[in-house]
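query-v2.cif, holding mmCIF, N, CA and C atoms:
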data_my_file
loop_
_atom_site.label_atom_id
_atom_site.label_comp_id
_atom_site.auth_asym_id
_atom_site.auth_seq_id
_atom_site.Cartn_x
_atom_site.Cartn_y
_atom_site.Cartn_z
N MET A 1405 107.65 125.38 153.98
CA MET A 1405 107.35 124.13 153.31
C MET A 1405 107.91 124.10 151.89
N ILE A 1406 107.93 125.25 151.25
CA ILE A 1406 108.44 125.31 149.88
C ILE A 1406 109.94 125.02 149.85
N ALA A 1407 110.67 125.46 150.87
CA ALA A 1407 112.11 125.20 150.93
C ALA A 1407 112.38 123.70 151.05
N VAL A 1408 111.57 123.01 151.83
CA VAL A 1408 111.73 121.56 151.98
C VAL A 1408 111.48 120.86 150.65
N GLU A 1409 110.46 121.30 149.92
CA GLU A 1409 110.17 120.70 148.61
C GLU A 1409 111.31 120.93 147.63
N TRP A 1410 111.92 122.10 147.67
CA TRP A 1410 113.06 122.37 146.80
C TRP A 1410 114.25 121.50 147.14
N ILE A 1411 114.53 121.36 148.43
CA ILE A 1411 115.66 120.53 148.85
C ILE A 1411 115.43 119.07 148.46
N VAL A 1412 114.22 118.57 148.69
CA VAL A 1412 113.90 117.19 148.31
C VAL A 1412 113.98 117.01 146.80
N GLY A 1413 113.50 118.00 146.06
CA GLY A 1413 113.58 117.93 144.59
C GLY A 1413 115.02 117.90 144.09
N ILE A 1414 115.88 118.69 144.71
CA ILE A 1414 117.29 118.70 144.32
C ILE A 1414 117.94 117.35 144.63
N LEU A 1415 117.62 116.78 145.78
CA LEU A 1415 118.18 115.48 146.14
C LEU A 1415 117.68 114.38 145.19
N PHE A 1416 116.41 114.42 144.84
CA PHE A 1416 115.88 113.44 143.88
C PHE A 1416 116.53 113.62 142.51
N ALA A 1417 116.74 114.85 142.10
CA ALA A 1417 117.39 115.10 140.80
C ALA A 1417 118.82 114.58 140.81
N PHE A 1418 119.54 114.78 141.91
CA PHE A 1418 120.90 114.27 142.02
C PHE A 1418 120.91 112.74 141.95
N ALA A 1419 119.97 112.09 142.64
CA ALA A 1419 119.90 110.63 142.60
C ALA A 1419 119.60 110.13 141.20
N ALA A 1420 118.70 110.81 140.50
CA ALA A 1420 118.36 110.40 139.14
C ALA A 1420 119.55 110.58 138.20
N LEU A 1421 120.25 111.70 138.32
CA LEU A 1421 121.42 111.92 137.47
C LEU A 1421 122.54 110.92 137.77
N ALA A 1422 122.72 110.59 139.03
CA ALA A 1422 123.73 109.58 139.37
C ALA A 1422 123.35 108.22 138.78
N SER A 1423 122.08 107.90 138.79
CA SER A 1423 121.62 106.63 138.20
C SER A 1423 121.85 106.60 136.70
N VAL A 1424 121.49 107.68 136.03
CA VAL A 1424 121.68 107.73 134.58
C VAL A 1424 123.17 107.66 134.25
N TRP A 1425 124.00 108.31 135.04
CA TRP A 1425 125.45 108.25 134.82
C TRP A 1425 125.96 106.81 134.92
N ARG A 1426 125.47 106.07 135.91
CA ARG A 1426 125.92 104.69 136.07
C ARG A 1426 125.36 103.80 134.97
N ILE A 1427 124.16 104.09 134.48
CA ILE A 1427 123.61 103.31 133.37
C ILE A 1427 124.47 103.50 132.13
N VAL A 1428 124.89 104.73 131.88
CA VAL A 1428 125.69 105.02 130.69
C VAL A 1428 127.10 104.48 130.84
N ARG A 1429 127.72 104.65 132.00
CA ARG A 1429 129.12 104.30 132.18
C ARG A 1429 129.37 102.91 132.76
N GLY A 1430 128.33 102.25 133.23
CA GLY A 1430 128.50 100.98 133.92
C GLY A 1430 129.25 99.96 133.11
N PRO A 1431 130.28 99.37 133.68
CA PRO A 1431 131.08 98.42 132.90
C PRO A 1431 130.38 97.08 132.68
N SER A 1432 129.45 96.72 133.54
CA SER A 1432 128.81 95.42 133.37
C SER A 1432 127.30 95.58 133.35
N ILE A 1433 126.64 94.52 132.93
CA ILE A 1433 125.18 94.55 132.86
C ILE A 1433 124.57 94.62 134.26
N LEU A 1434 125.26 94.05 135.25
CA LEU A 1434 124.74 94.11 136.61
C LEU A 1434 124.79 95.53 137.16
N ASP A 1435 125.86 96.28 136.86
CA ASP A 1435 125.93 97.68 137.27
C ASP A 1435 124.80 98.48 136.65
N ARG A 1436 124.54 98.23 135.38
CA ARG A 1436 123.46 98.94 134.70
C ARG A 1436 122.09 98.56 135.26
N MET A 1437 121.92 97.32 135.64
CA MET A 1437 120.64 96.88 136.19
C MET A 1437 120.40 97.49 137.56
N ILE A 1438 121.43 97.53 138.39
CA ILE A 1438 121.29 98.16 139.71
C ILE A 1438 120.98 99.64 139.55
N ALA A 1439 121.62 100.29 138.60
CA ALA A 1439 121.36 101.71 138.37
C ALA A 1439 119.94 101.94 137.84
N SER A 1440 119.45 101.06 136.99
CA SER A 1440 118.08 101.23 136.50
C SER A 1440 117.07 100.97 137.61
N ASP A 1441 117.37 100.04 138.50
CA ASP A 1441 116.51 99.85 139.68
C ASP A 1441 116.52 101.09 140.56
N MET A 1442 117.69 101.68 140.71
CA MET A 1442 117.79 102.89 141.51
C MET A 1442 117.01 104.04 140.87
N LEU A 1443 117.06 104.13 139.55
CA LEU A 1443 116.32 105.17 138.84
C LEU A 1443 114.81 104.96 139.00
N LEU A 1444 114.36 103.72 138.87
CA LEU A 1444 112.94 103.45 139.06
C LEU A 1444 112.51 103.71 140.50
N THR A 1445 113.35 103.36 141.45
CA THR A 1445 113.04 103.62 142.85
C THR A 1445 112.98 105.12 143.13
N THR A 1446 113.88 105.87 142.53
CA THR A 1446 113.84 107.33 142.68
C THR A 1446 112.56 107.90 142.09
N LEU A 1447 112.16 107.41 140.94
CA LEU A 1447 110.92 107.87 140.32
C LEU A 1447 109.71 107.52 141.18
N ILE A 1448 109.71 106.34 141.76
CA ILE A 1448 108.63 105.94 142.65
C ILE A 1448 108.58 106.88 143.86
N CYS A 1449 109.74 107.20 144.41
CA CYS A 1449 109.79 108.11 145.56
C CYS A 1449 109.32 109.52 145.19
N VAL A 1450 109.66 109.98 144.00
CA VAL A 1450 109.19 111.29 143.55
C VAL A 1450 107.67 111.30 143.45
N LEU A 1451 107.11 110.25 142.86
CA LEU A 1451 105.65 110.19 142.75
C LEU A 1451 104.98 110.08 144.11
N ALA A 1452 105.60 109.34 145.03
CA ALA A 1452 105.05 109.23 146.38
C ALA A 1452 105.14 110.56 147.11
N ALA A 1453 106.24 111.28 146.96
CA ALA A 1453 106.37 112.59 147.58
C ALA A 1453 105.35 113.57 147.01
N ASP A 1454 105.07 113.46 145.71
CA ASP A 1454 104.04 114.29 145.09
C ASP A 1454 102.66 113.96 145.67
N MET A 1455 102.41 112.68 145.90
CA MET A 1455 101.13 112.29 146.51
C MET A 1455 101.00 112.85 147.91
N VAL A 1456 102.09 112.83 148.67
CA VAL A 1456 102.04 113.34 150.04
C VAL A 1456 101.84 114.85 150.05
N SER A 1457 102.59 115.56 149.21
CA SER A 1457 102.48 117.02 149.21
C SER A 1457 101.17 117.50 148.57
N GLY A 1458 100.63 116.73 147.65
CA GLY A 1458 99.39 117.13 146.97
C GLY A 1458 98.13 116.56 147.58
N HIS A 1459 98.27 115.70 148.58
CA HIS A 1459 97.11 115.08 149.25
C HIS A 1459 96.18 114.38 148.26
N HIS A 1460 96.77 113.51 147.43
CA HIS A 1460 95.96 112.76 146.48
C HIS A 1460 96.54 111.36 146.31
N THR A 1461 95.81 110.49 145.63
CA THR A 1461 96.30 109.13 145.37
C THR A 1461 96.17 108.78 143.88
N ARG A 1462 96.17 109.78 143.03
CA ARG A 1462 95.98 109.53 141.60
C ARG A 1462 97.13 108.78 140.96
N THR A 1463 98.32 108.91 141.49
CA THR A 1463 99.49 108.28 140.86
C THR A 1463 99.82 106.92 141.47
N LEU A 1464 98.97 106.41 142.33
CA LEU A 1464 99.24 105.11 142.95
C LEU A 1464 99.30 103.97 141.93
N PRO A 1465 98.42 103.91 140.91
CA PRO A 1465 98.57 102.85 139.90
C PRO A 1465 99.89 102.93 139.13
N VAL A 1466 100.38 104.13 138.88
CA VAL A 1466 101.65 104.30 138.19
C VAL A 1466 102.79 103.77 139.06
N ILE A 1467 102.72 104.03 140.35
CA ILE A 1467 103.73 103.54 141.28
C ILE A 1467 103.74 102.01 141.30
N ILE A 1468 102.58 101.42 141.31
CA ILE A 1468 102.49 99.95 141.32
C ILE A 1468 103.08 99.36 140.05
N VAL A 1469 102.76 99.95 138.91
CA VAL A 1469 103.30 99.45 137.64
C VAL A 1469 104.82 99.61 137.59
N LEU A 1470 105.33 100.72 138.07
CA LEU A 1470 106.78 100.92 138.10
C LEU A 1470 107.47 99.91 139.02
N ALA A 1471 106.86 99.63 140.16
CA ALA A 1471 107.44 98.65 141.08
C ALA A 1471 107.45 97.25 140.45
N LEU A 1472 106.37 96.89 139.79
CA LEU A 1472 106.33 95.59 139.12
C LEU A 1472 107.35 95.51 137.99
N THR A 1473 107.51 96.59 137.26
CA THR A 1473 108.50 96.62 136.19
C THR A 1473 109.91 96.43 136.76
N ALA A 1474 110.20 97.08 137.87
CA ALA A 1474 111.52 96.93 138.48
C ALA A 1474 111.76 95.50 138.95
N VAL A 1475 110.76 94.91 139.55
CA VAL A 1475 110.92 93.53 140.06
C VAL A 1475 111.11 92.55 138.92
N PHE A 1476 110.26 92.62 137.91
CA PHE A 1476 110.36 91.68 136.80
C PHE A 1476 111.64 91.91 135.99
N GLY A 1477 112.07 93.15 135.86
CA GLY A 1477 113.34 93.43 135.18
C GLY A 1477 114.52 92.85 135.92
N SER A 1478 114.52 92.98 137.23
CA SER A 1478 115.60 92.41 138.04
C SER A 1478 115.63 90.89 137.96
N ILE A 1479 114.47 90.29 138.00
CA ILE A 1479 114.40 88.83 137.90
C ILE A 1479 114.90 88.37 136.54
N THR A 1480 114.51 89.06 135.49
CA THR A 1480 114.93 88.68 134.14
C THR A 1480 116.44 88.78 133.97
N VAL A 1481 117.02 89.87 134.43
CA VAL A 1481 118.47 90.04 134.30
C VAL A 1481 119.20 89.03 135.17
N ALA A 1482 118.70 88.75 136.36
CA ALA A 1482 119.34 87.76 137.23
C ALA A 1482 119.33 86.38 136.59
N ARG A 1483 118.24 86.02 135.95
CA ARG A 1483 118.18 84.71 135.27
C ARG A 1483 119.12 84.68 134.07
N TYR A 1484 119.20 85.79 133.34
CA TYR A 1484 120.09 85.86 132.19
C TYR A 1484 121.55 85.73 132.63
N VAL A 1485 121.92 86.44 133.68
CA VAL A 1485 123.30 86.41 134.15
C VAL A 1485 123.64 85.04 134.71
N SER A 1486 122.70 84.41 135.40
CA SER A 1486 122.99 83.08 135.95
C SER A 1486 123.17 82.03 134.86
N ARG A 1487 122.52 82.21 133.74
CA ARG A 1487 122.72 81.28 132.61
C ARG A 1487 124.05 81.51 131.90
N GLN A 1488 124.57 82.73 131.98
CA GLN A 1488 125.84 83.06 131.35
C GLN A 1488 127.03 82.60 132.18
N ASP A 1489 126.81 82.24 133.43
CA ASP A 1489 127.89 81.82 134.32
C ASP A 1489 128.47 80.50 133.83
N PRO A 1490 129.78 80.41 133.60
CA PRO A 1490 130.36 79.18 133.05
C PRO A 1490 130.45 78.01 134.04
N SER A 1491 130.13 78.18 135.29
CA SER A 1491 130.27 77.09 136.24
C SER A 1491 129.13 76.12 136.22
#

Could you rewrite the structure in this file as structure tokens?
Amino acid sequence: MIAVEWIVGILFAFAALASVWRIVRGPSILDRMIASDMLLTTLICVLAADMVSGHHTRTLPVIIVLALTAVFGSITVARYVSRQDPS
């Protein structure tokens, strides 16, 4: 079981680093927004995996707040970008 946790942890770390890389290097605001959504989703998955492996639900409110933050952030950026469209 410990080997599975290590493999999952390495995969989550790779996903988080790839997200941060795209946030830093992203040429447009949409690339950065998608990467930040991916980073938040990875964090949510890490917390959910911790809940499964630890047999607890203490981090469920944090997961809900992170999900709401991702949704409202995406909506805000989508509205901003649609207003910037010259058509």

>> Starting from the PyMOL selection byres (((chain A and resi 1438 and name CA) around 12) and name CA), expand the selection into actual residues of this file and give them as a list of chain:residue names.
In response: A:Ala1422, A:Ser1423, A:Val1424, A:Trp1425, A:Arg1426, A:Ile1427, A:Gly1430, A:Pro1431, A:Ser1432, A:Ile1433, A:Leu1434, A:Asp1435, A:Arg1436, A:Met1437, A:Ala1439, A:Ser1440, A:Asp1441, A:Met1442, A:Leu1443, A:Leu1444, A:Thr1445, A:Ala1474, A:Val1475, A:Gly1477, A:Ser1478, A:Ile1479, A:Val1481, A:Ala1482

> For A:Leu1464, which residue among A:Leu1451, A:Val1428, A:Phe1476, A:Leu1415 is the nearest when counting only N, CA and C atoms?
Replying inline: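 Residue with the minimum atom-to-atom distance to A:Leu1464: A:Leu1451.
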
>> Measuring between only C-alpha atoms, which one of A:Ile1448, A:Tyr1484, A:Leu1470, A:Ser1457 shows the shortest distance to A:Ile1406?
In response: A:Ser1457

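Across the model, the gap from atom CA of A:Phe1418 to atom CA of A:His1460 is 25.4 Å.
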
>> Measuring between only N, CA and C atoms, which one of A:Ala1419, A:Ile1467, A:Ile1414, A:Val1485 shows the shortest distance to A:Cys1449?
In response: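 Smallest separation from A:Cys1449 among the options: A:Ile1467.
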
Return as AutoDock Vina command-line options the centre and edge lengths, in Å with one decimal, of the box along x, y and z that encloses every atom of stretch 1414-1420 of chain A in the file, padded by 5 Å per side.
--center_x 118.4 --center_y 114.4 --center_z 142.2 --size_x 15.0 --size_y 18.6 --size_z 17.9

> Just how far from atom CA of A:Val1456 is atom N of A:Trp1410, in Å to one decimal?
Replying inline: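 Rounded to one decimal, the two atoms are 13.4 Å apart.
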
> In Å, how far is it from atom C of A:Asp1454 to atom N of A:Val1469?
Replying inline: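 The value is 15.6 Å.
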
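Between A:Leu1421 and the residues A:Thr1461, A:Ser1486, A:Thr1446, A:Thr1480, the shortest atom-to-atom distance, using only C-alpha atoms, involves A:Thr1446.
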